[in-house]
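J.: Following this message is one structure expressed as structure tokens.
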Amino acid sequence: MLHRPTLPHVRRPADTARPEPAQPALPVVNSRPEKGLTAAQAEARTKAGLTNQAPRGTSKTEGQILRDNLFTFFNLVFVVLAACLFAVGSYLNAGFLGVVVCNAVIGIVQQLRAKHTIDQLTLLAAHKVRCVRDGTICLLPSEELVRDDIVEFTAGEQICADAVVRTGTAQANEALITGEADAVEKGPGDVLRSGSFLISGRCRAQLTHVGADSYANRLAEEARAGHTVPKGEMMRSLDKLIRFIGIALVPLGILMFFNQFAALDMTLRDAVEATVASLVGMIPEGLYLLTSVALAVSMIRLARRKVLAQDMNCIETLARVDVLCVDKTGTITENRMEAGEPQLLDESWTMAGVETVLRSLYADAEPDNDTARALCRRFVGEGGERWQRTATVPFSSAWKWSAATFREHGSFVVGAPDVVAGPRARELRLEMESYLERGCRLLLLAAYDGRPDPKTGLDPQKLRFLALLPLTNRVRAQAPRTFRYFEDQGVAIKVISGDNPLTVSRVARQAGVAGAENFVDATTLHTPEALAEAAERCTVFGRVTPDQKRQLVRAMQAAGHTVAMTGDGVNDVLALKDADCGIAMASGAQAASQVAQLVLLDSDFSGLPAVVAEGRRVINNIQRSAALYLVKNLFSFTFTLAALFITLPYPLQPIQLTLIAAVTIGIPSFVLALEPNHELVRGRFLPNVLRAALPGGLTDLVLVLALEGVAAAFDMPYEMLSTLTTLVMLGVGLAVLWRVCRPFTPTHTALWVGMLVLAVAGVALFGRALDLVVPGRQECLVLLIFWAVIPYVLRLLTKTVEALHTLWRRHRAA
């Protein structure tokens, strides 16, 4: 049965006509807005399941983490290959299962650890909602709200469940759910849809649909039914690689077994061992694990810095950011704004009269932005005359002014001088200039002949200028060092603000922003072309509307930039959502934190360099480590193809590949993946990795094919060929690791020497278990010759690959 609140004159938008899910049979209670539900009524709704609990969270459950690490395609392949080895009695060669188990355990432990850390941080970052229960206002997490609760919403808050306004007026922005950025007036009887947010005003509303039944959650479920959260370029590349390998394994495995068993007349056991070895060599068994673990560890590191990563993909995006858009207030400057002494503009008015107007304007309403709070602290005290208000126009970033009408005293407007006064602002140029030069923000207080209406706008000729109101924010002490870091790292800074462009430019210059003298007034950018040109040319943008912020972000993205956006206000929400990586300050508007991928819980902009460095560290190191994995995969894939055409035995056993992979890939990759690396990430992941891995893989192929020829010429037994191949591939792996470790640091030196010692120890101590035989004098000479040529072959193939890459780039450019 479908229940709706029986409220009078409810106006509903047309698109809510979609079928709504039935809720448990519990009567609707239309309690008074000042009383709300009783504790008993709230408890009854909680027991009936009418809570605002989201249908499912963004993080994986413990069960999903276990499933995703255990029941994978490659784990299934490894089990099947191990079963084949068991069937022919080759138990020791199934030792790769130990690596598979270790991989799964490490992945599960690290991801569970990351989940626990992020869940705790999410709980810490959760915003509380003002709810009226038993006549008192209490702060509750949104998940604890129930249907029919009376909730008080103010500017900057996101609507957490469908509701109907009972008292008060406000303006809502529904762009996050409808795409329309225009403000929508909301009064008693109007519907507030979950997912929208208030940009001005204050109201009390009754929740009508909560949890999975809310509008936003139903839209989200529909979206999830046909779409998945888009992955970053790196993860998409890995998915493509693994999909390709997965498709190729089955036919190659069948052909390889036929080649070894029938064409080379091997025994069943030898043919199975060779086939399994070739297939195991093609699988990058630790690469996906390495990526998942590195990202999980990165999220934990960010959490320790009080940074909540709401989307793992944003870590990769951070590494590629080359443009950072910042707001002035709360980012470059401190959050707290201070109001200075008013400057009178009308000789017939006294300072006491101006203070009375300001006290009356701000005394009867709770301030909902930094400017209003600063003026309240300065002009609203316990005493003093206050006029009776008859009408109010709340501040909105769409029109940048607020107004009130008082009985027997008329109307008064406060807002940005150039916006309020329009063409008459030039009359105030001399008075404003000295303040703007000091980086002050200015407001104009003016009497208005008539009733101010944002729909029709202000008539400048009806204004009587009373006073200029200077406000200041101190530049954060760490701001110059922060911006210097980004300049050194090749990240361009764009300061986007709703304030006067000259003021913003002066503040940006004080903060050390390079190019701060290149500023523009966004009100002069009337076409998309003009805005796009300014996005490339200018550093500081003033008088920017919320929709223009979004357009600027899109223009920079269209120019090929990866854009991060920081913000803390409702005017930043649309830009935060559209940026490649949105970064919100937790102390700001709730809506900003809800749409951002990263939330700075301590609201400290100076922590951003460490956040960006963390993104670069993890992606650069994954890219470097991935090249180690693909050396083995490229060799095994290309040699298998070659063996099918020229009928060669696969010269390695699965257990020998396990030693090679552990010494030259597995251990080094995990060490390298966790070290500092703050270079800007360039290019695409898979081409970069393939270009780095191809010389090593081809070196393996060339030398092993040469060994096959030598073995055939000298009639070497298969065991000797297998031994020499293992030792040569260990040499190539260590040579590739040498290149990866450059420049050598103490850590890199210890790593390379340690892997050399481990390789020697593994061969010496476990040679028999690895099916290695002791080479004779002739074989030792062959081995020494092959080891000696490894650096030269590797260098030659590296130059060849780079030359081909350069030719390809020139071809594409042409």
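The way I read the labels, and the way they are meant: chains A, B, ... in the order of the structure tokens, residue 1 as the first residue of every chain, and ligand 1 as the first ligand shown, with later ones counted on from there.
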Need the shell around A:Gly156: protein/DNA/RNA residues with any atom at most 7 Å away, counting only C-alpha atoms. Skip same-chain ones fewer than 4 positions apart. Format as number ranges by chain?
T.: A: 197-199, 569-570, 589-591
J.: Go ahead and write the residues just picked, C-alpha atoms, as a JSON list (two decimals), in the first residue's frame.
T.:
```
[["chain", "number", "residue", "atom", "x", "y", "z"],
["A", 197, "PHE", "CA", 20.78, 21.06, -1.81],
["A", 198, "LEU", "CA", 19.79, 24.45, -0.44],
["A", 199, "ILE", "CA", 21.67, 27.48, -1.72],
["A", 569, "GLY", "CA", 30.64, 26.26, -0.42],
["A", 570, "VAL", "CA", 27.37, 25.59, -2.21],
["A", 589, "ALA", "CA", 28.86, 23.06, 3.06],
["A", 590, "GLN", "CA", 27.60, 19.51, 3.48],
["A", 591, "ALA", "CA", 26.66, 19.32, -0.20]]
```
J.: With only C-alpha atoms as the basis for distance, which of A:Ala735, A:Val671, A:Ile583, A:Ala511 is at the shortest distance from A:Ala750?
T.: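 For A:Ala750, the nearest of the candidates is A:Val671.
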J.: Any idea what's packed within 12 Å of A:Gln461, counting only C-alpha atoms, ignoring anything in its chain fewer than 6 positions away? Could you give it as a ChimeraX atom specification?
T.: /A:420-425,446-450
J.: Where in stretch 401-486 of chain A does DSSP assign helix (DSSP H, G or I), given as a VMD selection string?
T.: chain A and resid 417 to 420 422 to 437 460 to 462 479 to 486
J.: Would you output that residue set with C-alpha atoms, as a PDB file, in the first residue's frame?
T.:
```pdb
ATOM      1  CA  PRO A 417      29.086  46.948  -5.075  1.00  0.00           C
ATOM      2  CA  ASP A 418      29.540  46.274  -8.778  1.00  0.00           C
ATOM      3  CA  VAL A 419      26.595  43.854  -8.758  1.00  0.00           C
ATOM      4  CA  VAL A 420      24.213  45.912  -6.607  1.00  0.00           C
ATOM      5  CA  GLY A 422      25.485  48.054 -11.681  1.00  0.00           C
ATOM      6  CA  PRO A 423      26.613  50.890 -13.974  1.00  0.00           C
ATOM      7  CA  ARG A 424      26.567  53.287 -11.001  1.00  0.00           C
ATOM      8  CA  ALA A 425      29.476  51.400  -9.399  1.00  0.00           C
ATOM      9  CA  ARG A 426      31.878  53.802 -11.110  1.00  0.00           C
ATOM     10  CA  GLU A 427      30.569  56.491  -8.716  1.00  0.00           C
ATOM     11  CA  LEU A 428      32.269  54.519  -5.923  1.00  0.00           C
ATOM     12  CA  ARG A 429      35.540  53.861  -7.747  1.00  0.00           C
ATOM     13  CA  LEU A 430      37.688  56.231  -5.686  1.00  0.00           C
ATOM     14  CA  GLU A 431      36.259  55.040  -2.346  1.00  0.00           C
ATOM     15  CA  MET A 432      36.697  51.389  -3.300  1.00  0.00           C
ATOM     16  CA  GLU A 433      40.170  51.565  -4.811  1.00  0.00           C
ATOM     17  CA  SER A 434      42.206  51.749  -1.613  1.00  0.00           C
ATOM     18  CA  TYR A 435      40.337  48.811  -0.080  1.00  0.00           C
ATOM     19  CA  LEU A 436      40.692  46.642  -3.187  1.00  0.00           C
ATOM     20  CA  GLU A 437      44.414  47.414  -3.401  1.00  0.00           C
ATOM     21  CA  PRO A 460      20.358  51.123  -9.814  1.00  0.00           C
ATOM     22  CA  GLN A 461      18.430  54.414  -9.997  1.00  0.00           C
ATOM     23  CA  LYS A 462      16.376  53.422  -6.948  1.00  0.00           C
ATOM     24  CA  ALA A 479      49.719  29.244   1.387  1.00  0.00           C
ATOM     25  CA  PRO A 480      52.912  30.609  -0.269  1.00  0.00           C
ATOM     26  CA  ARG A 481      54.805  27.360   0.403  1.00  0.00           C
ATOM     27  CA  THR A 482      51.853  25.315  -0.887  1.00  0.00           C
ATOM     28  CA  PHE A 483      51.578  27.240  -4.152  1.00  0.00           C
ATOM     29  CA  ARG A 484      55.346  27.173  -4.624  1.00  0.00           C
ATOM     30  CA  TYR A 485      55.212  23.369  -4.432  1.00  0.00           C
ATOM     31  CA  PHE A 486      52.578  23.173  -7.155  1.00  0.00           C
TER      32      PHE A 486
END
```
J.: Under the rule that only C-alpha atoms are counted, which of A:Ala530, A:Ile496, A:Leu139, A:Val393 is the nearest residue to A:Arg543?
T.: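 Closest to A:Arg543 of all the choices is A:Ile496.
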J.: Nearest residue to A:Leu770 out of A:Ala532, A:Glu174, A:Gln656, A:Val612, using only C-alpha atoms?
T.: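 The closest residue to A:Leu770 is A:Gln656.
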J.: I need the residue nearest A:Ser237 from this list: A:Ala42, A:Leu690, A:Leu644, A:Ala374. Use only C-alpha atoms for the distance.
T.: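 Closest residue, counting only C-alpha atoms: A:Leu690.
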J.: Using only C-alpha atoms, which of A:Lys799, A:Arg269, A:Arg130, A:Arg616 sits nearest A:Leu145?
T.: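 With only C-alpha atoms as the atom set, the closest residue is A:Arg130.
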J.: What are the closest atom pairs, with distances in Å to one decimal, for all residues of stretch 393-485 of chain A lying within 8 Å of stretch 344-366 of chain A? Consider only C-alpha atoms, order rows by chain and residue number, and present the result as CSV.
T.:
```
residue,atom,partner,partner_atom,distance
A:Ala403,CA,A:Leu361,CA,7.7
A:Ala404,CA,A:Leu361,CA,6.5
A:Phe412,CA,A:Val357,CA,7.8
A:Phe465,CA,A:Leu345,CA,6.1
A:Leu466,CA,A:Leu345,CA,5.0
A:Ala467,CA,A:Leu344,CA,4.4
A:Leu468,CA,A:Leu344,CA,6.6
```
J.: Pick the closest to A:Asn571 from A:Phe670, A:Phe395, A:Phe519, A:Phe744: which is it, counting only C-alpha atoms?
T.: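 Checking each candidate against A:Asn571, we get A:Phe395 as the closest.
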J.: For the structure I just gave you, how does DSSP split stretch 89-174 of chain A - specifically, which residues are strand (DSSP E)? Reply as a list in words.
T.: Lys128, Val129, Arg130, Cys131, Val132, Arg133, Thr136, Ile137, Cys138, Leu139, Leu140, Pro141, Ile150, Val151, Glu152, Phe153, Thr154, Asp162, Ala163, Val164, Val165, Arg166, Thr167, Gly168, Thr169, Ala170, Gln171, Ala172 and Asn173 of chain A
J.: Determine, counting only C-alpha atoms, which protein, DNA and RNA residues have an atom within 8 Å of an atom of A:Leu598; residues of the same chain fewer than 2 positions away are not included. Present the result as a list in words.
T.: Val307, Leu308, Ala309, Gln310, Asp311, Cys314, Cys581, Gly582, Ile583, Ala584, Ser593, Ala596 and Leu600 of chain A
J.: Fewer than 6 positions away in the same chain doesn't count, so skip those; otherwise give me all residues within 7 Å of A:Arg193, counting only C-alpha atoms, as a list of chain:residue names.
T.: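 Here the qualifying residues turn out to be A:Ile159, A:Ala161, A:Asp162, A:Ala163, A:Tyr215.
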J.: Please list as a PyMOL selection string every residue within 10 Å of A:Pro141, counting only C-alpha atoms and excluding residues in the same chain fewer than 2 positions away.
T.: chain A and resi 52-53+123+126-131+139+143-145
J.: Provide the atom CA of A:Leu140 to atom CA of A:Val28 distance in Å, to one decimal place.
T.: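 According to the coordinates, atom CA of A:Leu140 and atom CA of A:Val28 are separated by 21.1 Å.
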J.: As a PDB file with N, CA and C atoms, in the first residue's frame, please: the residues near A:Ile65 (cut-off 10 Å, only C-alpha atoms, same-chain neighbours under 2 positions excluded).
T.:
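See around_14.pdb below for the written result:
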```
ATOM      1  N   SER A  59      31.459   1.265  -0.106  1.00  0.00           N
ATOM      2  CA  SER A  59      32.595   0.365   0.104  1.00  0.00           C
ATOM      3  C   SER A  59      32.131  -1.085   0.063  1.00  0.00           C
ATOM      4  N   LYS A  60      33.070  -1.974  -0.280  1.00  0.00           N
ATOM      5  CA  LYS A  60      32.746  -3.393  -0.347  1.00  0.00           C
ATOM      6  C   LYS A  60      32.527  -3.960   1.051  1.00  0.00           C
ATOM      7  N   THR A  61      31.696  -4.992   1.127  1.00  0.00           N
ATOM      8  CA  THR A  61      31.537  -5.705   2.387  1.00  0.00           C
ATOM      9  C   THR A  61      32.695  -6.684   2.536  1.00  0.00           C
ATOM     10  N   GLU A  62      32.822  -7.236   3.756  1.00  0.00           N
ATOM     11  CA  GLU A  62      33.875  -8.228   3.979  1.00  0.00           C
ATOM     12  C   GLU A  62      33.698  -9.424   3.053  1.00  0.00           C
ATOM     13  N   GLY A  63      32.433  -9.835   2.857  1.00  0.00           N
ATOM     14  CA  GLY A  63      32.174 -10.964   1.974  1.00  0.00           C
ATOM     15  C   GLY A  63      32.571 -10.696   0.538  1.00  0.00           C
ATOM     16  N   ARG A  67      35.309 -12.680  -1.687  1.00  0.00           N
ATOM     17  CA  ARG A  67      34.920 -13.242  -2.979  1.00  0.00           C
ATOM     18  C   ARG A  67      35.817 -12.730  -4.105  1.00  0.00           C
ATOM     19  N   ASP A  68      36.060 -11.412  -4.096  1.00  0.00           N
ATOM     20  CA  ASP A  68      36.834 -10.814  -5.192  1.00  0.00           C
ATOM     21  C   ASP A  68      38.290 -11.251  -5.190  1.00  0.00           C
ATOM     22  N   ASN A  69      38.814 -11.676  -4.039  1.00  0.00           N
ATOM     23  CA  ASN A  69      40.204 -12.124  -3.975  1.00  0.00           C
ATOM     24  C   ASN A  69      40.357 -13.632  -4.145  1.00  0.00           C
ATOM     25  N   LEU A  70      39.313 -14.388  -3.846  1.00  0.00           N
ATOM     26  CA  LEU A  70      39.406 -15.850  -3.932  1.00  0.00           C
ATOM     27  C   LEU A  70      38.859 -16.386  -5.248  1.00  0.00           C
ATOM     28  N   GLY A 107      46.091  -9.693  -0.345  1.00  0.00           N
ATOM     29  CA  GLY A 107      45.039  -8.833  -0.871  1.00  0.00           C
ATOM     30  C   GLY A 107      43.880  -8.689   0.091  1.00  0.00           C
ATOM     31  N   ILE A 108      43.453  -9.804   0.693  1.00  0.00           N
ATOM     32  CA  ILE A 108      42.324  -9.763   1.628  1.00  0.00           C
ATOM     33  C   ILE A 108      42.669  -8.931   2.862  1.00  0.00           C
ATOM     34  N   VAL A 109      43.858  -9.181   3.436  1.00  0.00           N
ATOM     35  CA  VAL A 109      44.254  -8.466   4.657  1.00  0.00           C
ATOM     36  C   VAL A 109      44.352  -6.968   4.403  1.00  0.00           C
ATOM     37  N   GLN A 111      43.003  -5.110   1.958  1.00  0.00           N
ATOM     38  CA  GLN A 111      41.735  -4.478   1.611  1.00  0.00           C
ATOM     39  C   GLN A 111      40.784  -4.415   2.800  1.00  0.00           C
ATOM     40  N   LEU A 112      40.820  -5.433   3.662  1.00  0.00           N
ATOM     41  CA  LEU A 112      40.017  -5.369   4.892  1.00  0.00           C
ATOM     42  C   LEU A 112      40.522  -4.247   5.803  1.00  0.00           C
ATOM     43  N   LYS A 115      39.387  -1.024   4.275  1.00  0.00           N
ATOM     44  CA  LYS A 115      37.949  -0.850   4.485  1.00  0.00           C
ATOM     45  C   LYS A 115      37.664  -0.373   5.901  1.00  0.00           C
TER      46      LYS A 115
END
```
J.: Work out how far apart atom CA of A:Leu443 and atom CA of A:Leu471 are and give it in Å to one decimal.
T.: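 So the answer is 7.9 Å.
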